[in-house]
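Undergrad: Compact mmCIF, C-alpha atoms and all ligand atoms, saved as model_13.txt, coming up:
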# COMPACT_ATOMS: atom_id res chain seq x y z
CA MET A 1 -0.45 16.46 -2.94
CA GLY A 2 1.26 14.89 -0.01
CA LEU A 3 0.41 14.88 3.61
CA GLU A 4 -0.68 17.34 6.29
CA LEU A 5 0.55 17.22 9.88
CA ASP A 6 -1.41 18.86 12.67
CA LEU A 7 0.20 18.98 16.11
CA THR A 8 -2.36 21.20 17.84
CA ASN A 9 -3.49 18.35 20.05
CA VAL A 10 0.05 17.58 21.13
CA GLU A 11 1.07 21.13 21.91
CA LYS A 12 -1.49 21.18 24.72
CA PHE A 13 0.72 18.65 26.51
CA LEU A 14 4.19 19.42 25.28
CA LYS A 15 6.28 22.32 24.13
CA ILE A 16 7.91 21.33 20.86
CA ASP A 17 10.96 23.54 20.53
CA TYR A 18 12.33 23.01 17.01
CA LYS A 19 15.18 25.44 17.65
CA LYS A 20 16.51 23.32 20.51
CA TYR A 21 16.74 20.26 18.26
CA ASP A 22 17.70 22.02 15.03
CA LYS A 23 21.40 21.10 15.23
CA LYS A 24 20.75 17.48 16.22
CA ILE A 25 18.22 17.02 13.40
CA LYS A 26 20.64 18.50 10.87
CA GLU A 27 23.40 16.14 12.05
CA ILE A 28 21.15 13.10 11.78
CA HIS A 29 19.89 14.22 8.36
CA GLN A 30 23.50 14.26 7.16
CA MET A 31 24.13 10.90 8.82
CA ILE A 32 21.18 9.38 6.95
CA HIS A 33 22.00 10.85 3.56
CA ASN A 34 25.77 10.39 3.78
CA LYS A 35 25.20 6.92 5.20
CA THR A 36 27.48 7.39 8.18
CA GLY A 37 25.25 6.39 11.11
CA LEU A 38 24.71 3.09 12.91
CA GLY A 39 23.64 0.34 10.48
CA ASN A 40 24.75 2.48 7.54
CA ASP A 41 25.08 -0.58 5.28
CA TYR A 42 21.29 -0.71 5.24
CA LEU A 43 20.48 2.74 3.94
CA GLY A 44 19.93 1.67 0.34
CA TRP A 45 16.17 2.34 0.64
CA ILE A 46 16.86 6.09 0.92
CA ASP A 47 17.31 6.45 -2.83
CA LEU A 48 14.76 3.87 -3.99
CA PRO A 49 12.00 6.32 -5.00
CA TYR A 50 14.17 7.61 -7.86
CA HIS A 51 16.75 4.84 -8.14
CA TYR A 52 14.62 1.71 -8.02
CA ASP A 53 15.73 -1.03 -10.37
CA LYS A 54 14.09 0.05 -13.64
CA GLU A 55 15.29 -2.94 -15.65
CA GLU A 56 13.88 -5.27 -13.07
CA LEU A 57 10.53 -3.51 -13.09
CA LYS A 58 10.39 -4.02 -16.87
CA ARG A 59 11.17 -7.69 -16.34
CA ILE A 60 8.35 -7.94 -13.79
CA GLU A 61 5.97 -6.26 -16.23
CA SER A 62 6.82 -8.64 -19.03
CA LEU A 63 6.51 -11.60 -16.67
CA LYS A 64 3.04 -10.36 -15.79
CA GLU A 65 2.24 -10.02 -19.50
CA LYS A 66 3.29 -13.63 -20.08
CA ASN A 67 1.14 -14.72 -17.14
CA LYS A 68 -1.86 -12.49 -17.67
CA ASP A 69 -4.32 -15.34 -17.42
CA LEU A 70 -3.22 -16.45 -13.98
CA GLU A 71 -6.13 -16.79 -11.60
CA VAL A 72 -4.00 -16.76 -8.48
CA LEU A 73 -0.53 -15.61 -7.50
CA VAL A 74 0.53 -17.10 -4.16
CA VAL A 75 2.96 -14.74 -2.44
CA ILE A 76 5.02 -16.55 0.18
CA GLY A 77 6.81 -14.41 2.76
CA ILE A 78 6.76 -13.06 6.31
CA GLY A 79 7.59 -9.76 8.04
CA GLY A 80 9.19 -7.36 5.61
CA SER A 81 8.75 -9.90 2.83
CA TYR A 82 4.99 -9.84 3.34
CA LEU A 83 3.51 -6.84 5.12
CA GLY A 84 4.36 -4.13 2.58
CA SER A 85 2.70 -5.81 -0.37
CA LYS A 86 -0.27 -6.92 1.74
CA ALA A 87 -0.62 -3.34 3.04
CA GLY A 88 -0.42 -1.84 -0.46
CA LEU A 89 -2.99 -4.21 -1.90
CA GLU A 90 -5.46 -3.59 0.91
CA PHE A 91 -4.87 0.17 0.68
CA VAL A 92 -6.11 0.40 -2.91
CA LYS A 93 -8.16 -2.73 -3.53
CA LYS A 94 -11.90 -2.27 -3.91
CA PRO A 95 -13.60 -4.35 -1.23
CA PHE A 96 -15.80 -7.22 -2.49
CA THR A 97 -14.39 -7.15 -6.01
CA LYS A 98 -12.49 -10.03 -7.50
CA GLU A 99 -9.24 -9.10 -9.21
CA LYS A 100 -8.33 -10.79 -12.48
CA THR A 101 -5.33 -12.27 -10.70
CA GLU A 102 -6.08 -12.86 -7.05
CA ILE A 103 -3.10 -12.40 -4.71
CA ILE A 104 -3.06 -14.84 -1.80
CA PHE A 105 -0.44 -14.78 0.93
CA ALA A 106 1.19 -17.77 2.56
CA GLY A 107 4.20 -18.47 4.75
CA HIS A 108 3.32 -15.62 7.13
CA GLN A 109 2.52 -18.07 9.95
CA LEU A 110 2.82 -21.79 10.60
CA SER A 111 -0.86 -22.74 10.54
CA GLY A 112 -1.48 -26.14 8.98
CA GLU A 113 -5.19 -25.37 8.83
CA TYR A 114 -4.57 -22.29 6.68
CA LEU A 115 -2.17 -24.02 4.32
CA TYR A 116 -4.36 -27.12 3.99
CA HIS A 117 -7.28 -25.02 2.78
CA LEU A 118 -5.03 -23.01 0.48
CA VAL A 119 -3.76 -26.22 -1.12
CA GLU A 120 -7.37 -27.36 -1.61
CA TYR A 121 -8.36 -23.97 -3.05
CA LEU A 122 -5.49 -24.03 -5.54
CA LYS A 123 -6.35 -27.48 -6.90
CA ASP A 124 -8.55 -26.18 -9.74
CA LYS A 125 -6.89 -22.79 -10.14
CA ASN A 126 -4.39 -21.60 -12.71
CA TYR A 127 -1.69 -20.37 -10.35
CA ALA A 128 1.93 -19.37 -9.83
CA ILE A 129 4.11 -18.76 -6.79
CA ASN A 130 6.25 -15.79 -5.79
CA VAL A 131 8.43 -16.86 -2.88
CA ILE A 132 10.08 -13.94 -1.10
CA SER A 133 12.80 -14.15 1.54
CA LYS A 134 15.83 -11.94 1.86
CA SER A 135 17.78 -14.35 4.02
CA GLY A 136 16.31 -17.36 2.26
CA THR A 137 16.33 -19.27 5.54
CA THR A 138 13.25 -18.04 7.40
CA THR A 139 11.31 -21.05 8.67
CA GLU A 140 7.72 -19.97 7.98
CA PRO A 141 8.09 -19.17 4.25
CA ALA A 142 10.51 -22.09 3.76
CA VAL A 143 7.93 -24.53 5.15
CA ALA A 144 5.13 -23.08 3.01
CA PHE A 145 7.31 -23.10 -0.09
CA ARG A 146 8.35 -26.70 0.41
CA ILE A 147 4.69 -27.77 0.61
CA LEU A 148 3.44 -25.58 -2.25
CA LYS A 149 6.39 -26.46 -4.47
CA LYS A 150 5.48 -30.14 -4.16
CA GLU A 151 1.85 -29.28 -5.01
CA ILE A 152 2.67 -27.14 -8.04
CA GLU A 153 5.11 -29.73 -9.39
CA GLU A 154 2.50 -32.46 -8.99
CA LYS A 155 -0.10 -30.37 -10.75
CA TYR A 156 1.91 -29.04 -13.69
CA GLY A 157 4.96 -31.31 -13.84
CA LYS A 158 8.46 -30.23 -12.86
CA ALA A 159 9.31 -28.48 -16.13
CA GLU A 160 6.17 -26.31 -16.25
CA ALA A 161 6.32 -25.64 -12.50
CA LYS A 162 9.67 -23.94 -13.10
CA ASN A 163 7.90 -21.32 -15.22
CA ARG A 164 5.45 -20.75 -12.40
CA ILE A 165 7.85 -20.15 -9.54
CA PHE A 166 9.32 -16.66 -9.16
CA VAL A 167 11.89 -16.08 -6.47
CA THR A 168 12.65 -12.76 -4.76
CA THR A 169 15.78 -12.98 -2.64
CA ASP A 170 19.36 -11.88 -2.10
CA LYS A 171 21.54 -11.15 -5.12
CA LYS A 172 24.16 -13.79 -4.48
CA ARG A 173 23.66 -15.81 -1.31
CA GLY A 174 21.26 -17.79 0.85
CA ALA A 175 19.42 -21.09 0.60
CA LEU A 176 16.65 -19.69 -1.59
CA PHE A 177 19.15 -18.06 -3.91
CA THR A 178 20.98 -21.38 -4.31
CA GLN A 179 17.75 -23.30 -4.86
CA ALA A 180 16.55 -20.77 -7.45
CA THR A 181 19.88 -20.94 -9.27
CA ASN A 182 19.97 -24.74 -9.24
CA GLU A 183 16.37 -25.08 -10.44
CA GLY A 184 16.50 -22.19 -12.92
CA TYR A 185 13.63 -20.17 -11.41
CA GLU A 186 13.24 -16.55 -12.47
CA LYS A 187 14.97 -14.43 -9.81
CA PHE A 188 14.35 -10.93 -8.51
CA ILE A 189 16.64 -9.11 -6.15
CA ILE A 190 16.43 -7.63 -2.70
CA PRO A 191 19.49 -5.39 -2.60
CA ASP A 192 22.02 -6.00 0.17
CA SER A 193 21.58 -2.47 1.40
CA VAL A 194 17.79 -2.73 1.87
CA GLY A 195 16.46 -4.50 4.97
CA GLY A 196 13.17 -6.40 4.83
CA ARG A 197 10.98 -3.78 6.45
CA TYR A 198 12.30 -1.08 4.10
CA SER A 199 11.89 -3.19 0.95
CA VAL A 200 8.37 -2.33 -0.29
CA LEU A 201 9.71 -0.38 -3.26
CA THR A 202 11.90 -3.27 -4.46
CA ALA A 203 10.69 -6.41 -6.22
CA VAL A 204 9.37 -7.51 -2.81
CA GLY A 205 6.42 -5.17 -3.24
CA LEU A 206 6.58 -4.38 -6.92
CA LEU A 207 6.06 -7.92 -8.21
CA PRO A 208 2.83 -8.56 -6.27
CA PHE A 209 1.65 -5.02 -7.08
CA VAL A 210 2.22 -5.46 -10.82
CA PHE A 211 0.50 -8.86 -10.81
CA ALA A 212 -2.45 -7.33 -8.97
CA GLY A 213 -2.68 -4.65 -11.66
CA LEU A 214 -1.75 -1.73 -9.41
CA ASP A 215 -0.46 1.53 -10.84
CA VAL A 216 3.14 1.13 -9.72
CA LYS A 217 4.26 4.24 -11.57
CA SER A 218 2.02 6.46 -9.49
CA MET A 219 3.13 4.64 -6.34
CA LEU A 220 6.73 5.51 -7.14
CA GLU A 221 5.72 9.11 -7.91
CA GLY A 222 4.16 9.31 -4.46
CA ALA A 223 7.38 8.02 -2.91
CA GLN A 224 9.37 10.53 -4.98
CA LYS A 225 7.22 13.37 -3.67
CA ALA A 226 7.79 12.13 -0.10
CA PHE A 227 11.53 11.97 -0.83
CA ASP A 228 11.49 15.58 -2.10
CA ASP A 229 9.40 16.75 0.86
CA ALA A 230 11.77 15.08 3.34
CA ASN A 231 14.90 16.31 1.66
CA SER A 232 15.31 19.42 3.77
CA ASP A 233 17.52 19.28 6.85
CA ASP A 234 15.49 22.12 8.32
CA ILE A 235 12.87 20.60 10.58
CA LYS A 236 10.55 23.55 10.02
CA ASN A 237 10.21 22.41 6.40
CA ASN A 238 10.24 18.68 7.02
CA LEU A 239 7.03 17.06 8.25
CA ALA A 240 8.59 13.60 8.54
CA TYR A 241 11.17 14.98 10.97
CA GLN A 242 8.48 16.94 12.84
CA TYR A 243 6.55 13.72 13.30
CA ALA A 244 9.70 11.88 14.40
CA LEU A 245 10.69 14.55 16.91
CA THR A 246 7.15 14.81 18.30
CA ARG A 247 6.89 11.09 19.05
CA TYR A 248 10.43 11.17 20.48
CA LEU A 249 9.49 14.04 22.82
CA LEU A 250 6.21 12.45 23.84
CA ASN A 251 8.28 9.46 24.92
CA GLN A 252 11.19 11.29 26.54
CA GLU A 253 9.49 14.29 28.11
CA ASN A 254 5.89 13.21 28.50
CA ASN A 255 6.62 9.65 29.55
CA LYS A 256 4.41 8.10 26.89
CA LYS A 257 5.21 4.45 26.25
CA ILE A 258 2.72 3.51 23.54
CA GLU A 259 1.90 5.01 20.18
CA MET A 260 -1.35 3.87 18.58
CA LEU A 261 -1.83 4.36 14.87
CA ILE A 262 -5.51 5.03 14.36
CA ASN A 263 -7.49 4.73 11.16
CA TYR A 264 -11.12 5.23 10.24
CA GLU A 265 -10.93 3.14 7.07
CA PRO A 266 -10.64 -0.67 7.08
CA LYS A 267 -8.47 -0.40 3.96
CA LEU A 268 -5.75 0.94 6.27
CA ASN A 269 -5.69 -2.00 8.68
CA PHE A 270 -2.79 -3.74 7.02
CA PHE A 271 -0.96 -0.48 6.55
CA SER A 272 -0.91 -0.35 10.34
CA GLU A 273 0.58 -3.85 10.44
CA TRP A 274 3.38 -2.75 8.10
CA TRP A 275 3.91 0.40 10.18
CA LYS A 276 4.12 -1.67 13.38
CA GLN A 277 6.94 -3.80 11.99
CA LEU A 278 8.75 -0.73 10.71
CA PHE A 279 8.78 1.07 14.06
CA GLY A 280 8.68 -1.96 16.36
CA GLU A 281 11.70 -3.70 14.88
CA SER A 282 13.59 -0.49 14.26
CA GLU A 283 13.23 1.04 17.71
CA GLY A 284 12.42 -1.70 20.18
CA LYS A 285 15.92 -2.47 21.42
CA GLU A 286 18.33 -1.59 24.23
CA ASN A 287 15.23 -1.21 26.43
CA LYS A 288 14.20 1.82 24.41
CA GLY A 289 11.49 2.72 21.91
CA LEU A 290 7.75 3.26 21.97
CA PHE A 291 5.54 0.20 21.87
CA VAL A 292 3.56 0.53 18.67
CA ALA A 293 -0.04 -0.56 18.47
CA SER A 294 -2.95 0.18 16.19
CA ALA A 295 -6.69 0.44 16.18
CA SER A 296 -9.41 0.79 13.60
CA PHE A 297 -12.14 3.23 14.52
CA THR A 298 -14.98 3.44 15.03
CA THR A 299 -14.90 -0.38 15.40
CA ASP A 300 -12.37 -0.41 18.24
CA LEU A 301 -14.03 2.48 20.02
CA HIS A 302 -16.52 -0.18 21.04
CA SER A 303 -13.79 -2.34 22.54
CA LEU A 304 -10.50 -0.51 23.22
CA GLY A 305 -12.13 2.90 23.40
CA GLN A 306 -12.76 2.58 27.12
CA TYR A 307 -9.07 1.94 27.83
CA ILE A 308 -7.90 4.77 25.64
CA GLN A 309 -10.26 7.17 27.38
CA GLU A 310 -9.61 6.15 30.97
CA GLY A 311 -6.89 3.49 31.31
CA GLN A 312 -3.23 4.11 32.18
CA ARG A 313 -2.13 7.43 30.74
CA THR A 314 0.87 6.02 28.92
CA LEU A 315 -0.34 6.30 25.34
CA PHE A 316 -0.78 8.78 22.56
CA GLU A 317 -2.49 8.43 19.21
CA THR A 318 -1.38 9.15 15.67
CA VAL A 319 -4.55 9.49 13.64
CA LEU A 320 -4.33 8.82 9.93
CA LYS A 321 -7.18 10.69 8.33
CA VAL A 322 -8.31 10.30 4.72
CA LYS A 323 -9.87 13.45 3.32
CA ASN A 324 -11.71 12.15 0.29
CA ASN A 325 -13.46 8.88 -0.30
CA ASP A 326 -13.67 7.47 -3.76
CA LYS A 327 -17.13 6.13 -3.16
CA ASP A 328 -19.73 7.04 -0.59
CA LEU A 329 -23.35 6.58 0.41
CA SER A 330 -25.94 8.80 2.05
CA ILE A 331 -28.24 7.90 4.90
CA PRO A 332 -31.84 7.59 3.66
CA LYS A 333 -34.81 9.30 5.29
CA ASP A 334 -37.23 6.99 7.06
CA LYS A 335 -40.87 7.82 7.69
CA ASP A 336 -41.04 6.19 11.15
CA ASP A 337 -37.57 7.29 12.32
CA LEU A 338 -37.54 4.65 15.06
CA ASP A 339 -33.73 4.64 15.10
CA GLU A 340 -33.80 8.44 15.32
CA LEU A 341 -31.41 8.90 12.44
CA ASN A 342 -33.50 11.32 10.42
CA TYR A 343 -31.47 14.23 11.81
CA ILE A 344 -28.58 13.00 9.68
CA SER A 345 -30.61 11.77 6.73
CA ASN A 346 -29.12 12.79 3.39
CA LYS A 347 -25.74 13.17 5.05
CA SER A 348 -22.94 11.04 3.63
CA LEU A 349 -21.19 8.35 5.64
CA SER A 350 -17.91 10.26 5.17
CA TYR A 351 -19.52 13.24 6.85
CA VAL A 352 -20.60 11.09 9.79
CA ASN A 353 -17.22 9.30 9.95
CA ASN A 354 -15.42 12.64 10.07
CA LYS A 355 -17.58 13.87 12.89
CA ALA A 356 -16.79 10.64 14.73
CA LEU A 357 -13.09 11.35 14.20
CA LEU A 358 -13.41 14.88 15.49
CA GLY A 359 -15.56 13.91 18.47
CA THR A 360 -13.16 11.11 19.39
CA MET A 361 -10.13 13.36 19.19
CA ILE A 362 -11.75 15.92 21.48
CA ALA A 363 -12.71 13.18 23.94
CA HIS A 364 -9.31 11.48 23.96
CA VAL A 365 -7.42 14.75 24.24
CA SER A 366 -9.59 15.72 27.21
CA GLY A 367 -8.72 12.30 28.64
CA ASN A 368 -5.03 13.29 28.41
CA VAL A 369 -4.19 11.34 25.29
CA PRO A 370 -2.14 13.55 22.95
CA ASN A 371 -3.16 13.24 19.30
CA ILE A 372 -0.95 13.66 16.25
CA LEU A 373 -3.11 14.16 13.16
CA LEU A 374 -1.84 13.09 9.75
CA THR A 375 -4.09 13.74 6.77
CA ILE A 376 -3.83 12.38 3.26
CA ASP A 377 -6.06 13.20 0.35
CA LYS A 378 -7.17 9.70 -0.62
CA LEU A 379 -6.45 5.99 -0.60
CA ASP A 380 -4.67 5.47 -3.89
CA THR A 381 -1.32 4.08 -5.00
CA TYR A 382 0.23 7.56 -4.99
CA HIS A 383 -0.55 8.11 -1.33
CA PHE A 384 0.51 4.60 -0.43
CA GLY A 385 3.93 5.31 -1.95
CA TYR A 386 4.03 8.65 -0.20
CA LEU A 387 3.21 7.24 3.23
CA VAL A 388 5.66 4.36 2.92
CA TYR A 389 8.56 6.69 2.32
CA PHE A 390 7.33 9.28 4.82
CA PHE A 391 7.26 6.72 7.64
CA GLU A 392 10.55 5.09 6.58
CA ILE A 393 12.47 8.34 6.78
CA ALA A 394 10.64 9.38 9.94
CA CYS A 395 11.54 6.04 11.49
CA ALA A 396 15.23 6.41 10.68
CA MET A 397 15.25 9.91 12.20
CA SER A 398 13.32 8.74 15.22
CA ALA A 399 15.62 5.76 15.92
CA TYR A 400 18.73 7.88 15.50
CA LEU A 401 17.28 10.37 18.00
CA LEU A 402 17.19 7.43 20.42
CA GLU A 403 20.78 6.63 19.42
CA ILE A 404 20.00 3.11 18.29
CA ASN A 405 20.60 1.22 15.07
CA PRO A 406 17.31 1.38 13.13
CA PHE A 407 18.24 -1.41 10.76
CA ASN A 408 18.92 -4.55 12.79
CA GLN A 409 16.61 -6.81 14.80
CA PRO A 410 18.82 -8.97 17.04
CA GLY A 411 15.99 -9.78 19.45
CA VAL A 412 14.00 -11.68 16.84
CA GLU A 413 16.49 -14.55 17.00
CA ALA A 414 15.54 -15.50 20.58
CA TYR A 415 12.29 -17.28 19.74
CA LYS A 416 13.79 -18.88 16.66
CA LYS A 417 16.62 -20.50 18.63
CA ASN A 418 14.19 -21.96 21.17
CA MET A 419 11.89 -23.22 18.44
CA PHE A 420 14.81 -24.90 16.65
CA ALA A 421 15.94 -26.50 19.94
CA LEU A 422 12.42 -27.77 20.64
CA LEU A 423 12.17 -29.13 17.10
CA GLY A 424 15.47 -30.98 17.57
CA LYS A 425 17.54 -29.07 15.00
CA LYS A 426 21.19 -30.02 14.98
CA GLY A 427 23.43 -27.54 16.75
CA TYR A 428 20.67 -26.20 19.03
CA GLU A 429 20.75 -28.98 21.64
CA ASN A 430 22.07 -26.79 24.46
CA ILE A 431 19.93 -23.73 23.93
CA LEU A 432 17.24 -24.55 26.49
CA LYS A 433 19.52 -26.21 29.06
O1 LIG A 501 12.90 -11.94 4.15
P1 LIG A 501 13.31 -12.86 5.23
O2 LIG A 501 14.80 -13.01 5.33
O3 LIG A 501 12.62 -14.20 5.10
O4 LIG A 501 12.86 -12.25 6.61
C1 LIG A 501 11.53 -12.07 6.98
C2 LIG A 501 11.41 -11.39 8.31
O5 LIG A 501 11.77 -12.27 9.36
C3 LIG A 501 12.82 -11.95 10.25
O6 LIG A 501 12.79 -12.82 11.34
C4 LIG A 501 12.87 -10.51 10.69
O7 LIG A 501 12.40 -10.31 11.99
C5 LIG A 501 12.16 -9.56 9.79
O8 LIG A 501 12.82 -8.32 9.83
C6 LIG A 501 12.13 -10.06 8.37
O9 LIG A 501 11.49 -9.11 7.55
Turn the structure described in the file into structure tokens.

TA:
Amino acid sequence: MGLELDLTNVEKFLKIDYKKYDKKIKEIHQMIHNKTGLGNDYLGWIDLPYHYDKEELKRIESLKEKNKDLEVLVVIGIGGSYLGSKAGLEFVKKPFTKEKTEIIFAGHQLSGEYLYHLVEYLKDKNYAINVISKSGTTTEPAVAFRILKKEIEEKYGKAEAKNRIFVTTDKKRGALFTQATNEGYEKFIIPDSVGGRYSVLTAVGLLPFVFAGLDVKSMLEGAQKAFDDANSDDIKNNLAYQYALTRYLLNQENNKKIEMLINYEPKLNFFSEWWKQLFGESEGKENKGLFVASASFTTDLHSLGQYIQEGQRTLFETVLKVKNNDKDLSIPKDKDDLDELNYISNKSLSYVNNKALLGTMIAHVSGNVPNILLTIDKLDTYHFGYLVYFFEIACAMSAYLLEINPFNQPGVEAYKKNMFALLGKKGYENILK
């Protein structure tokens, strides 16, 4: 129970010679596990599947128990403090069903319209806030927290509001850490050695998951299995490294510039958003790295499909296929058959969706778009945990193949500085001159 990798539709375009890269892969494997490569201070996520903070998870579970009647948990965060938990919830949540505790996200943009309506929505709800920021200084979540803190204090009074604000941040520094300490909010930790986009298996993801009632144990088991599967330094036995090397070679030898992560299940849309941050921030530096994009099929076949088939030949696809659906429907027979669907009557939608996947792959490959095929069994917490770790380790390998630091994101500061200058923040007066 893990993942399958099929490279047949890449090998038509590229010779993948594992032997040639064997030594390099082994070296990087050692670099990752011995924490000796670039950005090595940020390799704490490597051991999280087995060495997550067990005491803290218990504390989260008892906090949930104390707050079991909450109608809403507002999770404030952006980037790595947002996308992982959003992705996990969407991955397993049944569409159109209301959870006992609804998880609503805020602080992931600066829209006043969004926040206004959230404030209105919360007025008659029994709610709490989980504010997440590793640095504690990111503008978007800080703005949202300032507004929602005022609201929650007005609604419940300052003393009770304290019991309803949970803070996930650095262990000993940062504005949010200081505020949480001064106010006496319950604190959860993002370890120093775990960067935002690698933090799903810390309290960053675990708190929202537990409050949403997700099976966190099975998620961690999935991540453990991915850890075990990726523990070999021999690329022939390591699918994560095979995936990493393949995308590296498609870039270096086949001149591909764009990797599109493709799904056929809307539940995977936010997983793609998480994946884009992981690879985009890890690899997009020093004028290197693939541009990562995503699409949801068959929806986007009716919009982007034309480009993929016949536009510039600079992209390849990584298709994430789900083998088994939890629920399904069959197409009914119709006596008039005006829509001419009787030829597939009694067939399940999964059957049709899979034929769409196959037909699309054949078409795109014939249009010179290499396709990597990744298959998982189903959309459950176990496979979410598995995929998170699989892509994290693949991303580290992939970035080290490019000889860049996978764990920093210096370029993200550029827009922030300009925004601060335009807002008139002290110390930024000369930025735009
Ligand atoms: O958790 P925080 O410190 O608030 O950071 C949230 C996010 O914003 C930053 O600007 C970085 O680009 C991301 O890597 C990070 O995940």

Undergrad: List the neighbours of range 43-45 of chain A out to 10 Å using only C-alpha atoms; skip same-chain residues closer than 4 positions along the sequence, and give me the result as a ChimeraX atom specification.

TA: /A:32-39,49,51-52,191-195,197-202,389,392-393,396,406-407

Undergrad: Let me see if you get this right: every residue at most 7 Å from ligand LIG 501 (chain A), counting only C-alpha atoms and all ligand atoms, written as a PyMOL selection string.

TA: chain A and resi 77-81+132-138+141+196-197+281+409+412-413

Undergrad: Please determine an axis-aligned box that encloses all atoms of range 420-429 of chain A listed in the file, with 4 Å added on each side, and express its centre and edge lengths in Å to one decimal as AutoDock Vina command-line options.

TA:
--center_x 17.8 --center_y -27.9 --center_z 18.3 --size_x 19.3 --size_y 14.1 --size_z 14.7

Undergrad: I'd like the interatomic distance between CA of Ala293 in chain A and CA of Ala142 in chain A, to a tenth of an Å.

TA: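 CA of Ala142 in chain A lies at a distance of 28.1 Å from CA of Ala293 in chain A.
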
Undergrad: Name the closest residue to Gly280 in chain A among the candidates A:Ser398, A:Ser85, A:Asn126, A:Gln312; distances are taken between atoms, counting all atoms listed in the file.

TA: A:Ser398

Undergrad: Write out as a PyMOL selection string each polymer residue whose atoms come within 10 Å of Asp326 in chain A, counting all atoms listed in the file; drop sequence neighbours fewer than 4 positions from it.

TA: chain A and resi 94+378-380

Undergrad: My list of candidates is A:Leu358, A:Ile152, A:Ile376, A:Ile308. Which is closest to Val322 in chain A when distances are computed with only C-alpha atoms?

TA: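 Looking only at the distances to Val322 in chain A, the closest residue turns out to be A:Ile376.
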